[in-house]
Every structure is written in C-alpha cells, then in structure tokens.
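Reading through the structure tokens given below for one structure.
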Amino acid sequence: MAELAVSDADDRRVLALSGRLDAGTIRDLWQRATHAVREAAAKRIVVDARAVDYCDGAGIALLVDLLRQRPRGEVAIENLQPRFDALLRQFDPERLAQDLDPEPRRRSSIEEIGAIAAGIARDSREQIAFVGEATLALAQVVRHPSSVRWKDVWRICERVGADAVPIVALISFLVGVILAFQSAIPMKRFGAEIFVADLIGLAMLRELAPLMTAILLAGRSGAAFAAEIGTMKVNEEVNALTTMGLDPVRFLVTTRILAALLMTPLLTLLADLVSLLGGALTMQSFSIPFVTFRHEVESIVDFSDFMAGFVKSFVFAVVIAGVGCLRGLQTAAGASAVGDSATRAVVSGIILLVVVDGIFAVVYFFLDI
Amino acid sequence: MAQEAVIRVEGLSAGYGDVVLQKDLSFEVRRGEVFGILGGSGCGKSTLMKHMIGLYEPIAGHVFIDGDDIVTAQGATRHAILRKIGVMYQSGALFGSMTLLENVRLPLEEYTDLTTDEIDLIGRMKLELVGLDAFTGHLPAEISGGMQKRAAIARAMALDPMILFLDEPSAGLDPITSASLDALIRRLAENVGVTFVIVTHELASIFAIMDRVIMLDRRKQGIVAQGDLRKLRDESDDPWVKQFFHREPEAATA
C-alpha cells in the first residue's frame, strides 16, 4: 500500500510518501497529493520519498504531476531512491504540460461542403478514368487473349460462380415460392390461379432473376473484390505490381471482370430455372400440376423475354466487378479503410444495378421487347 | 541481480498444426534480466514467443510465468498471468482506428481506476519515453513503420508489466532511436526490475542490452547454446554460434 502524510512546518509544506507506488495503489492518494500541493500557502513544497520502496511508471507519473502543479522550483522531490530517480529524470514536467500534437482545427461548414463537393468531383474523375482503363484492358483481352492470366480467372470463377450456387439457388427458389403463394391467394378468388404461372414466368425471367442474382453477387463478390484489392493496396502489393511494370488494372481488374462476365449469366440461368421450379411446386398445392404450369409458362414467355433478362446479366456482371475493383483500388490507409471500401462497393454497386435496370426497362419499352 | 526464475519453460515443442519448429525446449528467465531468444530466420523464435505469452497452444510442454502455467491456465488465473505481461508484436499491431495516445490509454482505462487526466499523463509519459510525444494525436497509418513500433512498445509498457516480450524491437529503427530504446530497456530492467524477453537478430542491440540468451537452430530443432551472452561469443565451440556472432556467411563452414 501507499501512504501520504501532509505536514506544514515553518515556510514549507512536506508531503511524505511511503510504501509502493504503482497504478493499483496510488489511485486514492493521487488527488489528495495534487490538492495538497496546489492549495499549499507555503512557497516551498517538499515531497519526501524516503519511505517509497517501489515506484513504477504510474508512480513516476504521480511525482511528475506533483512537480508540474506549481511554477518550476517550488516543488522538490527529495530522498527518492537513485534507481527511481533515474526514471523520474527522464521527464520534463513542463514539456509534458503542453500538448505537442493538438487536434487539428475543425473545418467550418462551408469548408466542409466544399470538401465534399471536391470529393465527389474527384471520385467522378476517378470513375471515368477507371472505366477508360478497364475498357482498354478488356480491348487488349480481345486482341490478345493469351495476355490474360487465365489461371487467376478460373480461380475467381470458382469463387464467384460455383461457391455462389447454393445461395443463389436458395434465394431464387424462395422468391419463386413466395411470389406464387402471394399471388395465388387473391387470384384464386377469381378462379385465375393458372395465371400465376404467367406472372412468375415473366417477372422472374425478364426482371427478378437477373436483378436478384446481381444484387446477391454485389453483396458477395463485389464486396470480396473490394476487400481483396483493398488489402493488397494497404499491404503495398499494388505498388509492387506497378514497380514491376505490371498494370494493376490488367492484373487484378480484367481477371475479375472476365470471371464475373462468365459466371453472372450462368447464375442468372440457374435463378430462372430454380425460381420457376419453386413456383411450380407451390402451385401443386393449388391443384395445378407441373405439366399445366409448364404449358402456361411456354405459352406466355417467349425467347425474347428470356433474352431480355439474360442480356442484362452481362451488363450487371461488368457493373458488379467494375465497382468492386474500383473501390478496392481507391482504398486509403488504415484498418477501417478496407471495410469502408467493401461497404462502398456494395452500396454503389446496388445503386448502379438498379439504375442500369431502369435504363434497360426504358430501352426495352421503346424497342417493344 | 536476483537469480529467481520468473519464467520457466519445460519440455516445450514449438510449432503449429503438423509443423514442428522446435522440440523439447527447456530454459529459465530470471527476474530483472534482459533475455534474448536468438536464431536464424524461420527457426521459430516468434512462434516460441507466442507460446510463452499463451497466444498459441504449444505442441507439448509447459510455460510457467511467475509460478503459474499459462498453457493450462483458464479464467481468472489466466487473466492474472496476462496482467503481468506486456507484448510488442513484430508488426506493432496498433489499433488503426485509435490515435497513439488512445492506443496507450486503452489498457490503463480498462485495468486501472485512475482518472482521465491521470491516465492521460501516464499515456503521454510512455509516448515521451519512446520519443513520440509530438505524435500523440496521430493515427498509426499517419506515422512510419519504425514509429509504429515505438508506439507499440509504449502501449506494451502502459501497465508497467512485470515481464515485457518484445518481438524484433529494433528492426526498422534508425541507429539513434535504436540506441535510445536499448538504453530505455536497460534502465527499466536495472531500476524497476522489469524482465525483458526479446526476440531479435540485431547484433549491436544484442550486445548492448542482453544478459543471457538461448540460440535456436532450425535444422537441429533445439537450443544449440544458452547462457551468458559474452561467454557464448568468446568460448562457444559450436560453428553455427560462431558464425552467428561473427556475421559469417553460411558457406564459410560448409
């Protein structure tokens, strides 16, 4: 335990410290000691450390704090064992009193708005530059397919495609079931359950299957691309590629866009099939057999409907992989940077997907598809 | 110097999974000494340290810290052992979202009842000890690798632990900073009795601060030499030990 005794004699105040001074023992006496130094009427204060038998970093901090309570020279530490005194002498109490690394001044709201606007402009410029670079890199792929690191492409294909099969199948199946069930109940009142097949066929193939698959992939692979490339950026692996004279876009981005281009349409096909299966199964409970369901779908959904959805999946693939890679390459320094990039990849990826889907809807309307 | 053993390693096999790096290591670290774990790259020095701080379970063996076995300790006992040690990792391992001062403050806030101002003062003092008092408000990403390492040492010292484990403390530091760090380690060992276990292969630093060492060899998977540093350098017959201390290339004895 540590003890403190305060006594006043002649023109000086004496604080006698004793025992063990460490973080566990000084808690109670720290406040009392600083108070006794600050409030003393005497001009001279002596801290007598004769009976201190142990003093670690926290104890030294207490002594330093006592020294800096009064102007230099008014407080003296006496009789501290030389081994602890050597630790105390490492510090300059006055220097510790000043904040050598003050927090930067907060920006005014106008500066803040300006900074945000500049950020958006910079981000847009980077996006445009990235689209240009990625297009050039893809053109290079078409001209020289052998320049692509196909081994990497297959590896990424497995992660983007094969590994996503269970989740895509499950979600599509459930959406098929839910859509069928929710529409069958009101339609049954009009004896029109059979048209549920039309609804599911058109809605899933034209719209929902491609969009849902794309959103799932944006959450899964878009985030993974951003995190992967972001970590490489933080670890200076991207710098290493650059200094080896290898273009990071060709090395990291092209392979991922190619993998997404190959896998997204396949997963969309799977989503088409499984969601129809889910719908058909549900309609069994409304006494509509498989064959009838199939005939109804075939009668209403033609090849152009299927292609309307299928074509979209290629564009979605480029959006997901492109945004994921771009956010990864934009990763700043720090531990939270990779997380930020992954979040931004998912958020901006999904927004872009919906915007692109809207554009497709308008184009299809005018082309009468 | 007291001769009492503060760490006792008994029959420890270091490694992870199926990979065995070192077999049947037994040695003691005495209170208040600066103890070195030396050896070539990849011989398992850092892995051994991670077994000693209870981070990885060893393949076999025990590590007694101040009498308690950290390998088998659970709950409150394990917690009590961890309070006695401070660790600086090779990469610094500072929390990236916190400033340097916040990094050092964290253990003090969690483990002591001191007031905010008192913790603040201790934190600043620790950072001043490693020469970073002008960077207290910086984030780890805003300072250099060597500075991160020094901040990590300050954080490891925050609670004034009984034993400090330092993994490659002077790698990446300039000679002046490295020498100041060596002086700090000696001061803490001699004046407060802090025990240091240091993994390194910086020869200058080894001779400046260490009392006793063990030397590990990757091929022999064991301790090739242990004891007083200067004696080993001057008297050891082991060719590998000689090569190590005289900075000779591998081919010299091949």
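Every chain in the structure tokens has a letter given in the order shown (A, B, ...), and although residue numbers restart at 1 in each chain, ligands are simply numbered from 1 in the order shown.
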How close does each residue of chain A get to chain B, giving the shortest atom pair and distance in Å to one decimal for every residue with an atom at most 6 Å away, counting only C-alpha atoms, sorted by chain and residue number, as JSON lines?
```
{"residue": "A:Arg27", "atom": "CA", "partner": "B:Leu114", "partner_atom": "CA", "distance": 5.6}
{"residue": "A:Ala61", "atom": "CA", "partner": "B:Ile122", "partner_atom": "CA", "distance": 5.6}
{"residue": "A:Arg83", "atom": "CA", "partner": "B:Asn191", "partner_atom": "CA", "distance": 4.7}
{"residue": "A:Leu100", "atom": "CA", "partner": "B:Ala134", "partner_atom": "CA", "distance": 4.8}
{"residue": "A:Asp101", "atom": "CA", "partner": "B:Ala134", "partner_atom": "CA", "distance": 5.1}
{"residue": "A:Gly334", "atom": "CA", "partner": "B:Ala141", "partner_atom": "CA", "distance": 5.2}
{"residue": "A:Ala335", "atom": "CA", "partner": "B:Gly96", "partner_atom": "CA", "distance": 4.9}
```
Given only C-alpha atoms, how would the per-residue table for range 20-132 of chain B near range 228-243 of chain B read, listing every residue at most 12 Å away with its closest atom pair and distance in Å to one decimal, sorted by chain and number, as a tab-separated table?
```
residue	atom	partner	partner_atom	distance
B:Val29	CA	B:Asp228	CA	11.9
B:Glu33	CA	B:Asp228	CA	11.2
B:Val34	CA	B:Leu229	CA	10.7
B:Phe35	CA	B:Leu229	CA	9.5
B:Gly36	CA	B:Leu229	CA	8.9
B:Ile37	CA	B:Leu229	CA	11.1
B:Leu38	CA	B:Val241	CA	10.1
B:Gly39	CA	B:Val241	CA	9.1
B:Gly40	CA	B:Trp240	CA	9.9
```
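Every protein or nucleic acid residue with an atom no more than 8 Å from Gly146 in chain B, counting only C-alpha atoms and leaving out same-chain residues fewer than 5 positions away, appears here: Ala171, Gly172 and Leu173 of chain B.
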Name all residues at most 12 Å from Thr200 in chain B (count only C-alpha atoms; drop same-chain ones fewer than 6 positions away) and give them as a tab-separated table (two decimals) with C-alpha atoms, in the first residue's frame.
```tsv
chain	number	residue	atom	x	y	z
B	35	PHE	CA	16.80	-12.35	-22.00
B	36	GLY	CA	17.30	-12.94	-25.70
B	37	ILE	CA	15.79	-15.56	-27.98
B	38	LEU	CA	18.19	-15.66	-30.90
B	39	GLY	CA	18.31	-17.69	-34.07
B	40	GLY	CA	18.18	-17.54	-37.84
B	41	SER	CA	15.12	-16.59	-39.85
B	43	CYS	CA	13.64	-21.11	-36.79
B	44	GLY	CA	10.52	-20.46	-34.73
B	45	LYS	CA	11.60	-17.59	-32.45
B	46	SER	CA	8.38	-15.64	-32.81
B	49	MET	CA	7.31	-16.26	-28.01
B	89	TYR	CA	4.32	-7.63	-31.79
B	90	GLN	CA	6.65	-7.59	-34.77
B	165	PHE	CA	8.00	-9.51	-24.51
B	166	LEU	CA	9.39	-7.65	-27.50
B	167	ASP	CA	9.40	-9.22	-30.97
B	168	GLU	CA	12.14	-7.60	-33.09
B	169	PRO	CA	12.01	-4.24	-31.26
B	170	SER	CA	14.86	-2.53	-33.10
B	171	ALA	CA	14.26	-3.81	-36.62
B	172	GLY	CA	13.44	-0.86	-38.87
B	206	ILE	CA	22.06	-7.93	-28.54
B	207	PHE	CA	25.43	-6.98	-27.08
B	209	ILE	CA	21.39	-4.94	-23.66
B	210	MET	CA	21.21	-8.69	-23.16
B	213	VAL	CA	20.33	-15.78	-24.36
B	214	ILE	CA	19.19	-19.01	-25.91
B	215	MET	CA	20.09	-19.73	-29.51
B	216	LEU	CA	17.77	-21.80	-31.65
```
Which is closer to Arg20 in chain A than all the others in A:Arg206, A:Arg32, A:Arg50, A:Arg44, using only C-alpha atoms?
A:Arg50
Compile the contact shell of Arg78 in chain B as a ChimeraX atom specification: residues with an atom at most 12 Å away, counting only C-alpha atoms, same-chain residues fewer than 3 positions apart removed.
/B:53-55,64-75,81-85
Got a sec to tell me which of range 2-138 of chain B DSSP assigns to strand (DSSP E), as a PyMOL selection string?
chain B and resi 5-16+19-30+34-39+60-65+68-69+85-88
Rounded to one decimal in Å, what is the spacing between CA of Ala121 in chain A and CA of Arg327 in chain A?
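Computed distance, CA of Ala121 in chain A to CA of Arg327 in chain A, equals 15.5 Å.
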Could you please write out, as a list of chain:residue names, every residue of range 38-101 of chain B that DSSP assigns to alpha helix (DSSP H)?
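These are the residues in question: B:Lys45, B:Ser46, B:Thr47, B:Leu48, B:Met49, B:Lys50, B:His51, B:Met52, B:Gly75, B:Ala76, B:Thr77, B:Arg78, B:His79, B:Ala80, B:Ile81, B:Leu82, B:Arg83, B:Lys84, B:Leu100, B:Leu101.
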Please, could you write that set of residues out with N, CA and C atoms as an mmCIF file, in the first residue's frame?
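selection38.cif, written as the output of this step:
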```
data_model
loop_
_atom_site.group_PDB
_atom_site.id
_atom_site.type_symbol
_atom_site.label_atom_id
_atom_site.label_comp_id
_atom_site.auth_asym_id
_atom_site.auth_seq_id
_atom_site.Cartn_x
_atom_site.Cartn_y
_atom_site.Cartn_z
ATOM 1 N N LYS B 45 11.447 -18.495 -33.605
ATOM 2 C CA LYS B 45 11.604 -17.593 -32.448
ATOM 3 C C LYS B 45 10.284 -16.924 -32.072
ATOM 4 N N SER B 46 9.637 -16.341 -33.096
ATOM 5 C CA SER B 46 8.378 -15.639 -32.815
ATOM 6 C C SER B 46 7.300 -16.617 -32.374
ATOM 7 N N THR B 47 7.308 -17.826 -32.960
ATOM 8 C CA THR B 47 6.322 -18.843 -32.563
ATOM 9 C C THR B 47 6.541 -19.222 -31.101
ATOM 10 N N LEU B 48 7.815 -19.406 -30.725
ATOM 11 C CA LEU B 48 8.122 -19.732 -29.327
ATOM 12 C C LEU B 48 7.595 -18.626 -28.413
ATOM 13 N N MET B 49 7.793 -17.369 -28.839
ATOM 14 C CA MET B 49 7.310 -16.259 -28.011
ATOM 15 C C MET B 49 5.789 -16.316 -27.883
ATOM 16 N N LYS B 50 5.116 -16.669 -28.970
ATOM 17 C CA LYS B 50 3.653 -16.730 -28.918
ATOM 18 C C LYS B 50 3.172 -17.858 -28.016
ATOM 19 N N HIS B 51 3.964 -18.937 -27.907
ATOM 20 C CA HIS B 51 3.617 -19.979 -26.930
ATOM 21 C C HIS B 51 3.811 -19.438 -25.517
ATOM 22 N N MET B 52 4.891 -18.650 -25.335
ATOM 23 C CA MET B 52 5.215 -18.157 -23.989
ATOM 24 C C MET B 52 4.186 -17.152 -23.479
ATOM 25 N N GLY B 75 -9.580 -18.905 -17.192
ATOM 26 C CA GLY B 75 -10.349 -17.922 -16.420
ATOM 27 C C GLY B 75 -9.497 -16.923 -15.669
ATOM 28 N N ALA B 76 -9.757 -16.812 -14.359
ATOM 29 C CA ALA B 76 -9.135 -15.761 -13.563
ATOM 30 C C ALA B 76 -7.614 -15.927 -13.483
ATOM 31 N N THR B 77 -7.142 -17.178 -13.406
ATOM 32 C CA THR B 77 -5.691 -17.406 -13.317
ATOM 33 C C THR B 77 -5.010 -16.893 -14.579
ATOM 34 N N ARG B 78 -5.604 -17.242 -15.711
ATOM 35 C CA ARG B 78 -5.039 -16.822 -16.998
ATOM 36 C C ARG B 78 -5.023 -15.288 -17.091
ATOM 37 N N HIS B 79 -6.111 -14.703 -16.641
ATOM 38 C CA HIS B 79 -6.242 -13.251 -16.652
ATOM 39 C C HIS B 79 -5.147 -12.615 -15.797
ATOM 40 N N ALA B 80 -4.916 -13.223 -14.626
ATOM 41 C CA ALA B 80 -3.900 -12.691 -13.714
ATOM 42 C C ALA B 80 -2.518 -12.794 -14.349
ATOM 43 N N ILE B 81 -2.262 -13.890 -15.076
ATOM 44 C CA ILE B 81 -0.954 -14.034 -15.737
ATOM 45 C C ILE B 81 -0.810 -12.964 -16.812
ATOM 46 N N LEU B 82 -1.888 -12.770 -17.579
ATOM 47 C CA LEU B 82 -1.818 -11.803 -18.688
ATOM 48 C C LEU B 82 -1.595 -10.380 -18.187
ATOM 49 N N ARG B 83 -2.065 -10.083 -16.968
ATOM 50 C CA ARG B 83 -1.832 -8.750 -16.385
ATOM 51 C C ARG B 83 -0.348 -8.519 -16.111
ATOM 52 N N LYS B 84 0.391 -9.617 -15.938
ATOM 53 C CA LYS B 84 1.805 -9.467 -15.590
ATOM 54 C C LYS B 84 2.692 -9.268 -16.810
ATOM 55 N N LEU B 100 -2.355 7.401 -31.281
ATOM 56 C CA LEU B 100 -1.313 6.748 -30.489
ATOM 57 C C LEU B 100 -1.641 6.842 -29.001
ATOM 58 N N LEU B 101 -2.075 8.038 -28.569
ATOM 59 C CA LEU B 101 -2.370 8.207 -27.147
ATOM 60 C C LEU B 101 -3.525 7.293 -26.742
#
```
